[in-house]
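Structure record follows, encoded as structure tokens.
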Amino acid sequence: MYAITCLTTEHNPYIVGLAAVFCAFGSWVTASLFLRVLDATNHFRNLWLALAGISAGATTWCTHFVAMLAYEPSVPITYDPILTALSLLVAVVGATCGLWLASLRGAGASGVVIGGAVLGFSIAAMHYLGIAAHVVNGSVAWRMPYILLSIALAAMFGIWSLTSARAVRGRHAATATATLFGLGILSLHFTGMGGLSIAPYAGSHIAVGGDDTVLALSTIGVGIVVMGVALVANLIDIRSSRESMERMRRMALSDSLTGLPNRAHFNERLAAAIGEAERKDGKLAALAIDLDRFKDINDLRGHHAGDQALKLVSGRMASVLREGEFLARIGGDEFAVIMRITDQSDALDLAWRLHASICESVKLEDGIEAIMDASIGIAFHPEDGSTAEALLGNADLAMYRAKASPSEKVCVYKQDMDEAVRQRRKIINDLRLALGNDEFELFYQVQTSLETHAVLGYEALLRWHHPERGIMTADEFIPTAEETGLILPVGEWILRRACQDAMGWHSPDRVSVNLSAVQFAHSDLPGLIARTLADTGLPAHRLELELTETTFMAEPDRNVEILRQIRELGVTIALDDFGTGYSSLSTLRKFRFDRIKLDKSFIADCETDPQSKAIIRAVLALGNSLGIPILAEGVETEEQLAFLLYEGCHEVQGYLIGRPSRMEPHRAPLAAVG
């Protein structure tokens, strides 16, 4: 009751309002700085702590003296300058200590409570030391319950405010902390002043040593300056943080080598451009650019020269851009552009501008001049894609068509022409997943002796259980696997699985496995075969490896040596698709094969084509003269079989003899699978 009476009857309401505004402003500055302390992890942390302590002490001190200006006692009042200055020091030091305790990393809840209590007690100490600095000509009486209550309120709000600062995150943290801190200051002041009673001495008079108002305003001015410095420091930090974030964002969205926007920035910009085009019913073009002959620079001159060339070419491309054209580097030697267009000719004009800038000679640091070229694909929104992914993907497809063309360097996306490229890329992606998803299976086709009609062995034929296309035969995807290098893990899987299956057969027949020329060039093939035989337990003589003549076209001497090492393991080797290569006789001269497989194309035509018959007779005669068994592939009719039997063929394989089928341990081939 005394506190309310003190506030309403003994204080000027306008100056009280000013004190409240000042308190709110200073509390917000203090809260913001203290939150900065909690978030800081570098050497600036101590600076923010010092500024927060100064702000908290100055806010408490200035609020007190502004409120005292509003106090209208019945006696004259002056101020002791030493005690007044000491009260400011106590407020700043006490607040700094409390904030420090509450901000310690390992302090926990107890540290926050102790720190908040110290903050509250420093507010109380400043207040009552400031009251003691008042010199009055009268008697001063205190109501102790109010004094104790004011101190308790200050401590409570101090603890509450710092607990809030540690617990509340986000944009409301500063507001909550400032509100509680300000309430602590105000509740202490007006509760404490409610417990103060001053009675003048009868007929007394004191000499006032100067204008008390000037003294109070001067001290308040000092406090405002201190808080102003703290506020400016806080604003500078906010601006610095924003600039730092913006700088980090620019770095994250820029290519470090060329300075151009990177893929992430391009995707962001493309999505925004598509959205704008749809809102305004505008048109958009995406260009995909791939540098030709760049790999030659890297291989011949090293990556440093390649980086230098990329920087020079990037600068040239950027120099020919016009307003509304956005260029980015999205990969090693891949670039992309988006642009607003009114007509498709705008995109073609840009494409040729970029192409001309790329094709100028590049002078490297060592004085060598290099000349590059570029393949450019263009896709248009919305007809070629309504999303960023689809639009750039179709521009990529057009670019690959340009890359494959001997004459066209700029191609516009055409669905019918580029769909094959899309399907090939999808097959490549699916192939990468097929092994892990256990989508491969081996089928086996029987090989039979024409003389004894006995089963000699089985050829392992790969089948892919594609999740969308169903069962795919090897000729549908093996060429792609060879081009991409995926044939290496796939070929290893085939070899191992075929040996494992053969170990479970009821009779010790041989198993024939096809080898790719890529396997000869990129792997330790003899070592792989030896490890596979050892792991599976299959005797070496039961494994036959089939390879085509194309294997010998690159590094024939090296490949012959590899074949010799394989034969030393005890494995037999067959020459597959004989007659379709470029140098069949030369191949036979370089290496003596254990078996020759006559290509099925000759068998298919032998009933109607005299030349095919003549070639078959010649191959059979060659095999007999060299002592090498001939196996005819693709036998599908009784007439073909009769012809081969009459001409002295040794072994046959084909649908007439047996279709490719699954095989299980301890069983002969199952029913034919079409």
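The way I read the labels, and the way they are meant: chains A, B, ... in the order of the structure tokens, residue 1 as the first residue of every chain, and ligand 1 as the first ligand shown, with later ones counted on from there.
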
**Nearby residues (only C-alpha atoms) at most 10 Å from Ser449 in chain A, same-chain spacing under 5 positions excluded, as a PyMOL selection string** = chain A and resi 454-457+631+649-653

Suppose we keep all heavy atoms; can you now write the selection as a short mmCIF file (atom, residue, chain, number, x, y, z; two decimals), in the first residue's frame?
```
data_model
loop_
_atom_site.label_atom_id
_atom_site.label_comp_id
_atom_site.auth_asym_id
_atom_site.auth_seq_id
_atom_site.Cartn_x
_atom_site.Cartn_y
_atom_site.Cartn_z
N ALA A 454 26.46 -86.63 -76.32
CA ALA A 454 26.60 -86.40 -74.88
C ALA A 454 26.64 -84.91 -74.58
O ALA A 454 27.09 -84.09 -75.40
CB ALA A 454 27.88 -87.07 -74.38
N VAL A 455 26.17 -84.56 -73.41
CA VAL A 455 26.28 -83.17 -72.94
C VAL A 455 27.73 -82.89 -72.59
O VAL A 455 28.34 -83.63 -71.79
CB VAL A 455 25.37 -82.93 -71.72
CG1 VAL A 455 25.64 -81.56 -71.11
CG2 VAL A 455 23.91 -83.06 -72.12
N LEU A 456 28.28 -81.84 -73.20
CA LEU A 456 29.66 -81.47 -72.93
C LEU A 456 29.78 -80.38 -71.87
O LEU A 456 30.76 -80.32 -71.13
CB LEU A 456 30.33 -81.00 -74.22
CG LEU A 456 30.37 -82.03 -75.36
CD1 LEU A 456 30.95 -81.38 -76.61
CD2 LEU A 456 31.19 -83.23 -74.96
N GLY A 457 28.81 -79.53 -71.85
CA GLY A 457 28.87 -78.42 -70.90
C GLY A 457 27.72 -77.46 -71.12
O GLY A 457 26.78 -77.74 -71.90
N LEU A 631 32.57 -75.56 -82.52
CA LEU A 631 31.21 -75.57 -81.96
C LEU A 631 30.36 -74.58 -82.73
O LEU A 631 30.71 -73.39 -82.80
CB LEU A 631 31.22 -75.23 -80.47
CG LEU A 631 29.89 -75.37 -79.72
CD1 LEU A 631 30.13 -75.71 -78.25
CD2 LEU A 631 29.04 -74.08 -79.78
N CYS A 649 30.91 -81.26 -88.31
CA CYS A 649 31.00 -80.35 -87.16
C CYS A 649 31.08 -81.18 -85.87
O CYS A 649 30.47 -82.24 -85.75
CB CYS A 649 29.78 -79.44 -87.13
SG CYS A 649 29.82 -78.23 -85.78
N HIS A 650 31.83 -80.72 -84.91
CA HIS A 650 32.07 -81.49 -83.69
C HIS A 650 31.00 -81.27 -82.62
O HIS A 650 30.53 -82.23 -82.00
CB HIS A 650 33.43 -81.12 -83.10
CG HIS A 650 34.56 -81.23 -84.06
ND1 HIS A 650 35.03 -80.16 -84.81
CD2 HIS A 650 35.29 -82.31 -84.45
CE1 HIS A 650 36.01 -80.55 -85.57
NE2 HIS A 650 36.21 -81.86 -85.39
N GLU A 651 30.62 -79.99 -82.38
CA GLU A 651 29.73 -79.67 -81.27
C GLU A 651 28.70 -78.63 -81.71
O GLU A 651 28.96 -77.82 -82.62
CB GLU A 651 30.53 -79.11 -80.08
CG GLU A 651 31.61 -80.07 -79.59
CD GLU A 651 32.55 -79.41 -78.60
OE1 GLU A 651 32.30 -78.25 -78.22
OE2 GLU A 651 33.55 -80.05 -78.19
N VAL A 652 27.53 -78.64 -81.07
CA VAL A 652 26.48 -77.69 -81.44
C VAL A 652 25.84 -77.11 -80.18
O VAL A 652 25.89 -77.69 -79.09
CB VAL A 652 25.39 -78.36 -82.30
CG1 VAL A 652 25.91 -78.69 -83.68
CG2 VAL A 652 24.84 -79.59 -81.61
N GLN A 653 25.22 -75.97 -80.41
CA GLN A 653 24.51 -75.25 -79.34
C GLN A 653 23.42 -74.43 -79.99
O GLN A 653 23.63 -73.83 -81.03
CB GLN A 653 25.49 -74.34 -78.57
CG GLN A 653 24.87 -73.42 -77.54
CD GLN A 653 25.92 -72.52 -76.88
OE1 GLN A 653 27.12 -72.75 -77.00
NE2 GLN A 653 25.46 -71.48 -76.20
#
```

Find the spatial neighbours of range 280-295 of chain A, counting only C-alpha atoms, within a cut-off of 6 Å - ignore same-chain residues fewer than 4 positions away - and output them as a PDB file with N, CA and C atoms, in the first residue's frame.
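File part17.pdb, as written:
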```pdb
ATOM      1  N   ASP A 333      34.005 -29.508 -66.282  1.00  0.00           N
ATOM      2  CA  ASP A 333      34.066 -28.644 -67.472  1.00  0.00           C
ATOM      3  C   ASP A 333      32.665 -28.424 -68.032  1.00  0.00           C
ATOM      4  N   GLU A 334      31.676 -28.437 -67.137  1.00  0.00           N
ATOM      5  CA  GLU A 334      30.282 -28.249 -67.531  1.00  0.00           C
ATOM      6  C   GLU A 334      29.757 -26.920 -67.002  1.00  0.00           C
ATOM      7  N   PHE A 335      29.040 -26.210 -67.858  1.00  0.00           N
ATOM      8  CA  PHE A 335      28.459 -24.927 -67.503  1.00  0.00           C
ATOM      9  C   PHE A 335      26.980 -24.933 -67.902  1.00  0.00           C
ATOM     10  N   ALA A 336      26.238 -24.004 -67.348  1.00  0.00           N
ATOM     11  CA  ALA A 336      24.823 -23.892 -67.682  1.00  0.00           C
ATOM     12  C   ALA A 336      24.424 -22.426 -67.654  1.00  0.00           C
ATOM     13  N   VAL A 337      23.434 -22.096 -68.472  1.00  0.00           N
ATOM     14  CA  VAL A 337      22.946 -20.722 -68.566  1.00  0.00           C
ATOM     15  C   VAL A 337      21.426 -20.742 -68.554  1.00  0.00           C
ATOM     16  N   ILE A 338      20.834 -19.768 -67.899  1.00  0.00           N
ATOM     17  CA  ILE A 338      19.395 -19.535 -68.039  1.00  0.00           C
ATOM     18  C   ILE A 338      19.188 -18.113 -68.528  1.00  0.00           C
ATOM     19  N   MET A 339      18.142 -17.921 -69.286  1.00  0.00           N
ATOM     20  CA  MET A 339      17.864 -16.586 -69.824  1.00  0.00           C
ATOM     21  C   MET A 339      16.381 -16.453 -70.137  1.00  0.00           C
ATOM     22  N   ARG A 340      15.885 -15.233 -69.962  1.00  0.00           N
ATOM     23  CA  ARG A 340      14.520 -14.917 -70.399  1.00  0.00           C
ATOM     24  C   ARG A 340      14.560 -14.637 -71.898  1.00  0.00           C
ATOM     25  N   ILE A 341      13.581 -15.150 -72.625  1.00  0.00           N
ATOM     26  CA  ILE A 341      13.579 -14.978 -74.078  1.00  0.00           C
ATOM     27  C   ILE A 341      12.209 -14.513 -74.544  1.00  0.00           C
ATOM     28  N   MET A 372      40.095 -25.001 -77.540  1.00  0.00           N
ATOM     29  CA  MET A 372      38.994 -25.846 -77.087  1.00  0.00           C
ATOM     30  C   MET A 372      37.774 -25.615 -77.965  1.00  0.00           C
ATOM     31  N   ASP A 373      36.839 -26.503 -77.825  1.00  0.00           N
ATOM     32  CA  ASP A 373      35.559 -26.382 -78.513  1.00  0.00           C
ATOM     33  C   ASP A 373      34.480 -26.629 -77.468  1.00  0.00           C
ATOM     34  N   ALA A 374      33.244 -26.540 -77.869  1.00  0.00           N
ATOM     35  CA  ALA A 374      32.157 -26.751 -76.914  1.00  0.00           C
ATOM     36  C   ALA A 374      30.957 -27.359 -77.609  1.00  0.00           C
ATOM     37  N   SER A 375      30.227 -28.171 -76.860  1.00  0.00           N
ATOM     38  CA  SER A 375      28.943 -28.707 -77.306  1.00  0.00           C
ATOM     39  C   SER A 375      27.867 -28.076 -76.437  1.00  0.00           C
ATOM     40  N   ILE A 376      26.820 -27.550 -77.071  1.00  0.00           N
ATOM     41  CA  ILE A 376      25.798 -26.790 -76.338  1.00  0.00           C
ATOM     42  C   ILE A 376      24.423 -27.348 -76.666  1.00  0.00           C
ATOM     43  N   GLY A 377      23.650 -27.604 -75.630  1.00  0.00           N
ATOM     44  CA  GLY A 377      22.270 -28.054 -75.794  1.00  0.00           C
ATOM     45  C   GLY A 377      21.308 -27.023 -75.219  1.00  0.00           C
ATOM     46  N   ILE A 378      20.149 -26.887 -75.840  1.00  0.00           N
ATOM     47  CA  ILE A 378      19.166 -25.872 -75.429  1.00  0.00           C
ATOM     48  C   ILE A 378      17.816 -26.540 -75.216  1.00  0.00           C
ATOM     49  N   ALA A 379      17.161 -26.173 -74.122  1.00  0.00           N
ATOM     50  CA  ALA A 379      15.788 -26.606 -73.865  1.00  0.00           C
ATOM     51  C   ALA A 379      14.976 -25.390 -73.453  1.00  0.00           C
ATOM     52  N   PHE A 380      13.687 -25.398 -73.789  1.00  0.00           N
ATOM     53  CA  PHE A 380      12.830 -24.235 -73.563  1.00  0.00           C
ATOM     54  C   PHE A 380      11.723 -24.559 -72.572  1.00  0.00           C
ATOM     55  N   HIS A 381      11.431 -23.583 -71.739  1.00  0.00           N
ATOM     56  CA  HIS A 381      10.307 -23.687 -70.804  1.00  0.00           C
ATOM     57  C   HIS A 381       9.123 -22.938 -71.407  1.00  0.00           C
ATOM     58  N   ALA A 395      18.082 -30.132 -71.614  1.00  0.00           N
ATOM     59  CA  ALA A 395      19.185 -29.374 -72.220  1.00  0.00           C
ATOM     60  C   ALA A 395      20.444 -30.236 -72.263  1.00  0.00           C
ATOM     61  N   ASP A 396      20.661 -31.039 -71.222  1.00  0.00           N
ATOM     62  CA  ASP A 396      21.795 -31.968 -71.182  1.00  0.00           C
ATOM     63  C   ASP A 396      21.709 -32.989 -72.315  1.00  0.00           C
TER      64      ASP A 396
END
```

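The nearest approach to Arg662 in chain A among the residues A:Val619, A:Asn624, A:Ala517, A:Arg463, with only C-alpha atoms taken into account, belongs to A:Arg463.
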
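Atom pair CA of Gly120 in chain A / CA of Ile82 in chain A has a distance of 22.8 Å (rounded to one decimal).
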
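Here the question is which of A:Thr84, A:Ser103, A:Ser161, A:Thr60 gets nearest to Trp48 in chain A using only C-alpha atoms, and that residue is A:Ser103.
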
**Request:** Go through range 393-557 of chain A and collect every residue that DSSP, computed from the backbone, puts in alpha helix (DSSP H); the answer should be as a ChimeraX atom specification.
**Result:** /A:393-404,415-434,478-484,487-503,517-522,525-536,556-557

Quick one: residues within 12 Å of Asp307 in chain A, only C-alpha atoms counted, chain neighbours fewer than 4 positions away excluded, as a PDB file with all heavy atoms, in the first residue's frame?
```pdb
ATOM      1  N   SER A 256      34.654 -21.848 -56.394  1.00  0.00           N
ATOM      2  CA  SER A 256      35.891 -21.281 -55.860  1.00  0.00           C
ATOM      3  C   SER A 256      36.945 -21.044 -56.939  1.00  0.00           C
ATOM      4  O   SER A 256      37.788 -20.159 -56.788  1.00  0.00           O
ATOM      5  CB  SER A 256      36.461 -22.206 -54.780  1.00  0.00           C
ATOM      6  OG  SER A 256      36.709 -23.498 -55.307  1.00  0.00           O
ATOM      7  N   LEU A 257      36.931 -21.816 -58.014  1.00  0.00           N
ATOM      8  CA  LEU A 257      37.954 -21.672 -59.048  1.00  0.00           C
ATOM      9  C   LEU A 257      37.661 -20.507 -59.983  1.00  0.00           C
ATOM     10  O   LEU A 257      38.519 -19.656 -60.219  1.00  0.00           O
ATOM     11  CB  LEU A 257      38.079 -22.978 -59.845  1.00  0.00           C
ATOM     12  CG  LEU A 257      39.066 -22.945 -61.019  1.00  0.00           C
ATOM     13  CD1 LEU A 257      40.484 -22.757 -60.505  1.00  0.00           C
ATOM     14  CD2 LEU A 257      38.959 -24.224 -61.853  1.00  0.00           C
ATOM     15  N   THR A 258      36.462 -20.458 -60.513  1.00  0.00           N
ATOM     16  CA  THR A 258      36.144 -19.468 -61.549  1.00  0.00           C
ATOM     17  C   THR A 258      35.445 -18.231 -61.012  1.00  0.00           C
ATOM     18  O   THR A 258      35.394 -17.209 -61.701  1.00  0.00           O
ATOM     19  CB  THR A 258      35.248 -20.108 -62.619  1.00  0.00           C
ATOM     20  OG1 THR A 258      33.996 -20.479 -62.011  1.00  0.00           O
ATOM     21  CG2 THR A 258      35.904 -21.341 -63.208  1.00  0.00           C
ATOM     22  N   PHE A 294      38.900 -30.411 -73.496  1.00  0.00           N
ATOM     23  CA  PHE A 294      39.453 -29.949 -72.222  1.00  0.00           C
ATOM     24  C   PHE A 294      40.274 -31.055 -71.554  1.00  0.00           C
ATOM     25  O   PHE A 294      41.304 -30.794 -70.934  1.00  0.00           O
ATOM     26  CB  PHE A 294      38.329 -29.496 -71.290  1.00  0.00           C
ATOM     27  CG  PHE A 294      38.788 -29.185 -69.891  1.00  0.00           C
ATOM     28  CD1 PHE A 294      39.501 -28.035 -69.622  1.00  0.00           C
ATOM     29  CD2 PHE A 294      38.537 -30.065 -68.845  1.00  0.00           C
ATOM     30  CE1 PHE A 294      39.955 -27.755 -68.335  1.00  0.00           C
ATOM     31  CE2 PHE A 294      38.972 -29.798 -67.563  1.00  0.00           C
ATOM     32  CZ  PHE A 294      39.678 -28.630 -67.314  1.00  0.00           C
ATOM     33  N   LYS A 295      39.822 -32.288 -71.693  1.00  0.00           N
ATOM     34  CA  LYS A 295      40.545 -33.415 -71.089  1.00  0.00           C
ATOM     35  C   LYS A 295      41.965 -33.506 -71.634  1.00  0.00           C
ATOM     36  O   LYS A 295      42.892 -33.898 -70.910  1.00  0.00           O
ATOM     37  CB  LYS A 295      39.784 -34.718 -71.341  1.00  0.00           C
ATOM     38  CG  LYS A 295      40.349 -35.933 -70.618  1.00  0.00           C
ATOM     39  CD  LYS A 295      39.465 -37.149 -70.848  1.00  0.00           C
ATOM     40  CE  LYS A 295      39.990 -38.360 -70.069  1.00  0.00           C
ATOM     41  NZ  LYS A 295      41.336 -38.753 -70.499  1.00  0.00           N
ATOM     42  N   ILE A 297      43.937 -31.061 -72.372  1.00  0.00           N
ATOM     43  CA  ILE A 297      44.771 -30.105 -71.639  1.00  0.00           C
ATOM     44  C   ILE A 297      45.157 -30.685 -70.286  1.00  0.00           C
ATOM     45  O   ILE A 297      46.309 -30.618 -69.862  1.00  0.00           O
ATOM     46  CB  ILE A 297      44.028 -28.764 -71.468  1.00  0.00           C
ATOM     47  CG1 ILE A 297      43.746 -28.135 -72.833  1.00  0.00           C
ATOM     48  CG2 ILE A 297      44.831 -27.806 -70.591  1.00  0.00           C
ATOM     49  CD1 ILE A 297      42.959 -26.855 -72.761  1.00  0.00           C
ATOM     50  N   ASN A 298      44.188 -31.261 -69.593  1.00  0.00           N
ATOM     51  CA  ASN A 298      44.469 -31.864 -68.281  1.00  0.00           C
ATOM     52  C   ASN A 298      45.482 -32.993 -68.392  1.00  0.00           C
ATOM     53  O   ASN A 298      46.417 -33.102 -67.595  1.00  0.00           O
ATOM     54  CB  ASN A 298      43.168 -32.403 -67.670  1.00  0.00           C
ATOM     55  CG  ASN A 298      42.591 -31.458 -66.635  1.00  0.00           C
ATOM     56  OD1 ASN A 298      43.244 -30.524 -66.186  1.00  0.00           O
ATOM     57  ND2 ASN A 298      41.357 -31.694 -66.261  1.00  0.00           N
ATOM     58  N   ARG A 301      48.993 -31.340 -70.030  1.00  0.00           N
ATOM     59  CA  ARG A 301      49.626 -30.221 -69.333  1.00  0.00           C
ATOM     60  C   ARG A 301      49.453 -30.257 -67.821  1.00  0.00           C
ATOM     61  O   ARG A 301      50.050 -29.448 -67.111  1.00  0.00           O
ATOM     62  CB  ARG A 301      49.046 -28.888 -69.863  1.00  0.00           C
ATOM     63  CG  ARG A 301      49.213 -28.708 -71.358  1.00  0.00           C
ATOM     64  CD  ARG A 301      50.672 -28.546 -71.719  1.00  0.00           C
ATOM     65  NE  ARG A 301      50.852 -28.548 -73.167  1.00  0.00           N
ATOM     66  CZ  ARG A 301      52.045 -28.571 -73.762  1.00  0.00           C
ATOM     67  NH1 ARG A 301      53.140 -28.611 -73.024  1.00  0.00           N
ATOM     68  NH2 ARG A 301      52.134 -28.583 -75.069  1.00  0.00           N
ATOM     69  N   GLY A 302      48.595 -31.142 -67.335  1.00  0.00           N
ATOM     70  CA  GLY A 302      48.381 -31.223 -65.894  1.00  0.00           C
ATOM     71  C   GLY A 302      47.156 -30.437 -65.457  1.00  0.00           C
ATOM     72  O   GLY A 302      46.628 -29.590 -66.185  1.00  0.00           O
ATOM     73  N   HIS A 303      46.729 -30.688 -64.216  1.00  0.00           N
ATOM     74  CA  HIS A 303      45.507 -30.060 -63.709  1.00  0.00           C
ATOM     75  C   HIS A 303      45.675 -28.554 -63.489  1.00  0.00           C
ATOM     76  O   HIS A 303      44.701 -27.805 -63.557  1.00  0.00           O
ATOM     77  CB  HIS A 303      45.080 -30.733 -62.403  1.00  0.00           C
ATOM     78  CG  HIS A 303      44.566 -32.123 -62.613  1.00  0.00           C
ATOM     79  ND1 HIS A 303      43.328 -32.391 -63.158  1.00  0.00           N
ATOM     80  CD2 HIS A 303      45.124 -33.341 -62.374  1.00  0.00           C
ATOM     81  CE1 HIS A 303      43.142 -33.688 -63.231  1.00  0.00           C
ATOM     82  NE2 HIS A 303      44.225 -34.293 -62.771  1.00  0.00           N
ATOM     83  N   LYS A 311      39.511 -20.987 -65.922  1.00  0.00           N
ATOM     84  CA  LYS A 311      39.327 -19.605 -65.476  1.00  0.00           C
ATOM     85  C   LYS A 311      39.274 -18.643 -66.665  1.00  0.00           C
ATOM     86  O   LYS A 311      38.446 -17.722 -66.696  1.00  0.00           O
ATOM     87  CB  LYS A 311      40.455 -19.212 -64.515  1.00  0.00           C
ATOM     88  CG  LYS A 311      40.317 -19.859 -63.140  1.00  0.00           C
ATOM     89  CD  LYS A 311      41.290 -19.271 -62.124  1.00  0.00           C
ATOM     90  CE  LYS A 311      42.680 -19.795 -62.345  1.00  0.00           C
ATOM     91  NZ  LYS A 311      43.606 -19.378 -61.249  1.00  0.00           N
ATOM     92  N   LEU A 312      40.148 -18.860 -67.635  1.00  0.00           N
ATOM     93  CA  LEU A 312      40.161 -17.975 -68.810  1.00  0.00           C
ATOM     94  C   LEU A 312      38.872 -18.104 -69.618  1.00  0.00           C
ATOM     95  O   LEU A 312      38.261 -17.103 -70.005  1.00  0.00           O
ATOM     96  CB  LEU A 312      41.376 -18.298 -69.682  1.00  0.00           C
ATOM     97  CG  LEU A 312      42.746 -17.928 -69.106  1.00  0.00           C
ATOM     98  CD1 LEU A 312      43.858 -18.488 -69.981  1.00  0.00           C
ATOM     99  CD2 LEU A 312      42.875 -16.412 -68.983  1.00  0.00           C
ATOM    100  N   VAL A 313      38.449 -19.331 -69.859  1.00  0.00           N
ATOM    101  CA  VAL A 313      37.234 -19.556 -70.644  1.00  0.00           C
ATOM    102  C   VAL A 313      36.009 -19.033 -69.898  1.00  0.00           C
ATOM    103  O   VAL A 313      35.104 -18.445 -70.499  1.00  0.00           O
ATOM    104  CB  VAL A 313      37.086 -21.053 -70.975  1.00  0.00           C
ATOM    105  CG1 VAL A 313      35.722 -21.338 -71.580  1.00  0.00           C
ATOM    106  CG2 VAL A 313      38.176 -21.475 -71.961  1.00  0.00           C
ATOM    107  N   SER A 314      35.967 -19.224 -68.582  1.00  0.00           N
ATOM    108  CA  SER A 314      34.844 -18.726 -67.788  1.00  0.00           C
ATOM    109  C   SER A 314      34.740 -17.218 -67.891  1.00  0.00           C
ATOM    110  O   SER A 314      33.643 -16.660 -68.037  1.00  0.00           O
ATOM    111  CB  SER A 314      35.005 -19.141 -66.327  1.00  0.00           C
ATOM    112  OG  SER A 314      35.016 -20.531 -66.187  1.00  0.00           O
ATOM    113  N   GLY A 332      32.872 -30.171 -63.509  1.00  0.00           N
ATOM    114  CA  GLY A 332      34.259 -30.000 -63.916  1.00  0.00           C
ATOM    115  C   GLY A 332      34.432 -29.066 -65.101  1.00  0.00           C
ATOM    116  O   GLY A 332      34.963 -27.966 -64.981  1.00  0.00           O
ATOM    117  N   ASP A 333      34.005 -29.508 -66.282  1.00  0.00           N
ATOM    118  CA  ASP A 333      34.066 -28.644 -67.472  1.00  0.00           C
ATOM    119  C   ASP A 333      32.665 -28.424 -68.032  1.00  0.00           C
ATOM    120  O   ASP A 333      32.487 -28.248 -69.235  1.00  0.00           O
ATOM    121  CB  ASP A 333      34.991 -29.250 -68.536  1.00  0.00           C
ATOM    122  CG  ASP A 333      34.522 -30.622 -69.009  1.00  0.00           C
ATOM    123  OD1 ASP A 333      33.651 -31.213 -68.344  1.00  0.00           O
ATOM    124  OD2 ASP A 333      35.019 -31.088 -70.048  1.00  0.00           O
ATOM    125  N   VAL A 362      43.474 -20.435 -76.136  1.00  0.00           N
ATOM    126  CA  VAL A 362      43.780 -20.141 -74.738  1.00  0.00           C
ATOM    127  C   VAL A 362      45.291 -20.196 -74.561  1.00  0.00           C
ATOM    128  O   VAL A 362      45.915 -21.226 -74.824  1.00  0.00           O
ATOM    129  CB  VAL A 362      43.098 -21.169 -73.803  1.00  0.00           C
ATOM    130  CG1 VAL A 362      43.484 -20.907 -72.358  1.00  0.00           C
ATOM    131  CG2 VAL A 362      41.594 -21.110 -73.973  1.00  0.00           C
ATOM    132  N   LEU A 364      48.332 -20.473 -72.217  1.00  0.00           N
ATOM    133  CA  LEU A 364      48.636 -20.912 -70.865  1.00  0.00           C
ATOM    134  C   LEU A 364      49.940 -20.287 -70.384  1.00  0.00           C
ATOM    135  O   LEU A 364      50.673 -19.650 -71.146  1.00  0.00           O
ATOM    136  CB  LEU A 364      48.730 -22.439 -70.834  1.00  0.00           C
ATOM    137  CG  LEU A 364      47.479 -23.173 -71.353  1.00  0.00           C
ATOM    138  CD1 LEU A 364      47.710 -24.676 -71.348  1.00  0.00           C
ATOM    139  CD2 LEU A 364      46.260 -22.812 -70.525  1.00  0.00           C
ATOM    140  N   GLU A 365      50.233 -20.488 -69.096  1.00  0.00           N
ATOM    141  CA  GLU A 365      51.389 -19.831 -68.484  1.00  0.00           C
ATOM    142  C   GLU A 365      52.709 -20.246 -69.123  1.00  0.00           C
ATOM    143  O   GLU A 365      53.653 -19.470 -69.163  1.00  0.00           O
ATOM    144  CB  GLU A 365      51.420 -20.154 -66.979  1.00  0.00           C
ATOM    145  CG  GLU A 365      50.332 -19.431 -66.192  1.00  0.00           C
ATOM    146  CD  GLU A 365      50.383 -19.776 -64.715  1.00  0.00           C
ATOM    147  OE1 GLU A 365      51.209 -20.648 -64.338  1.00  0.00           O
ATOM    148  OE2 GLU A 365      49.608 -19.191 -63.937  1.00  0.00           O
TER     149      GLU A 365
END
```

**Message:** For a quick check of understanding, using only C-alpha atoms, which of A:Val320, A:Leu645, A:Val410, A:Cys23 has the smallest distance to His64 in chain A?
**Reply:** A:Cys23

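Once Arg592 in chain A and its same-chain neighbours fewer than 5 positions away are set aside, A:Val560, A:Leu563, A:Arg564, A:Ile573, A:Ala574, A:Leu575, A:Thr587, A:Leu626, A:Gly627, A:Ile628 remain within 10 Å of it when counting only C-alpha atoms.
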
**Shell of 10 Å around Leu153 in chain A, only C-alpha atoms, local chain residues under 6 positions omitted, as a PyMOL selection string** = chain A and resi 120-121+124+147+159+183-188+191

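Checking A:Asn514, A:Thr30, A:Ser407, A:Thr63 one by one against Leu51 in chain A, counting only C-alpha atoms, you find the shortest gap at A:Thr30.
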
**Request:** Select from range 303-387 of chain A everything DSSP, run on the backbone, classes as strand (DSSP E or B), then give the selection as an MDAnalysis selection string.
**Result:** chainID A and resid 325:329 334:341 362:363 369:370 373:381

Per residue of range 356-456 of chain A within 12 Å of range 504-513 of chain A, note the shortest atom pair and the distance in Å to one decimal, counting only C-alpha atoms, and order the rows by chain and increasing residue number, as a Markdown table.
```
| residue | atom | partner | partner_atom | distance |
| --- | --- | --- | --- | --- |
| A:Leu442 | CA | A:Val513 | CA | 10.4 |
| A:Phe443 | CA | A:Val513 | CA | 11.3 |
| A:Tyr444 | CA | A:Val511 | CA | 8.7 |
| A:Gln445 | CA | A:Ser512 | CA | 9.6 |
| A:Val446 | CA | A:Val511 | CA | 9.5 |
| A:Gln447 | CA | A:Arg510 | CA | 9.5 |
| A:Thr448 | CA | A:Asp509 | CA | 10.8 |
| A:Ala454 | CA | A:Asp509 | CA | 10.3 |
| A:Val455 | CA | A:Asp509 | CA | 7.5 |
| A:Leu456 | CA | A:Asp509 | CA | 6.0 |
```
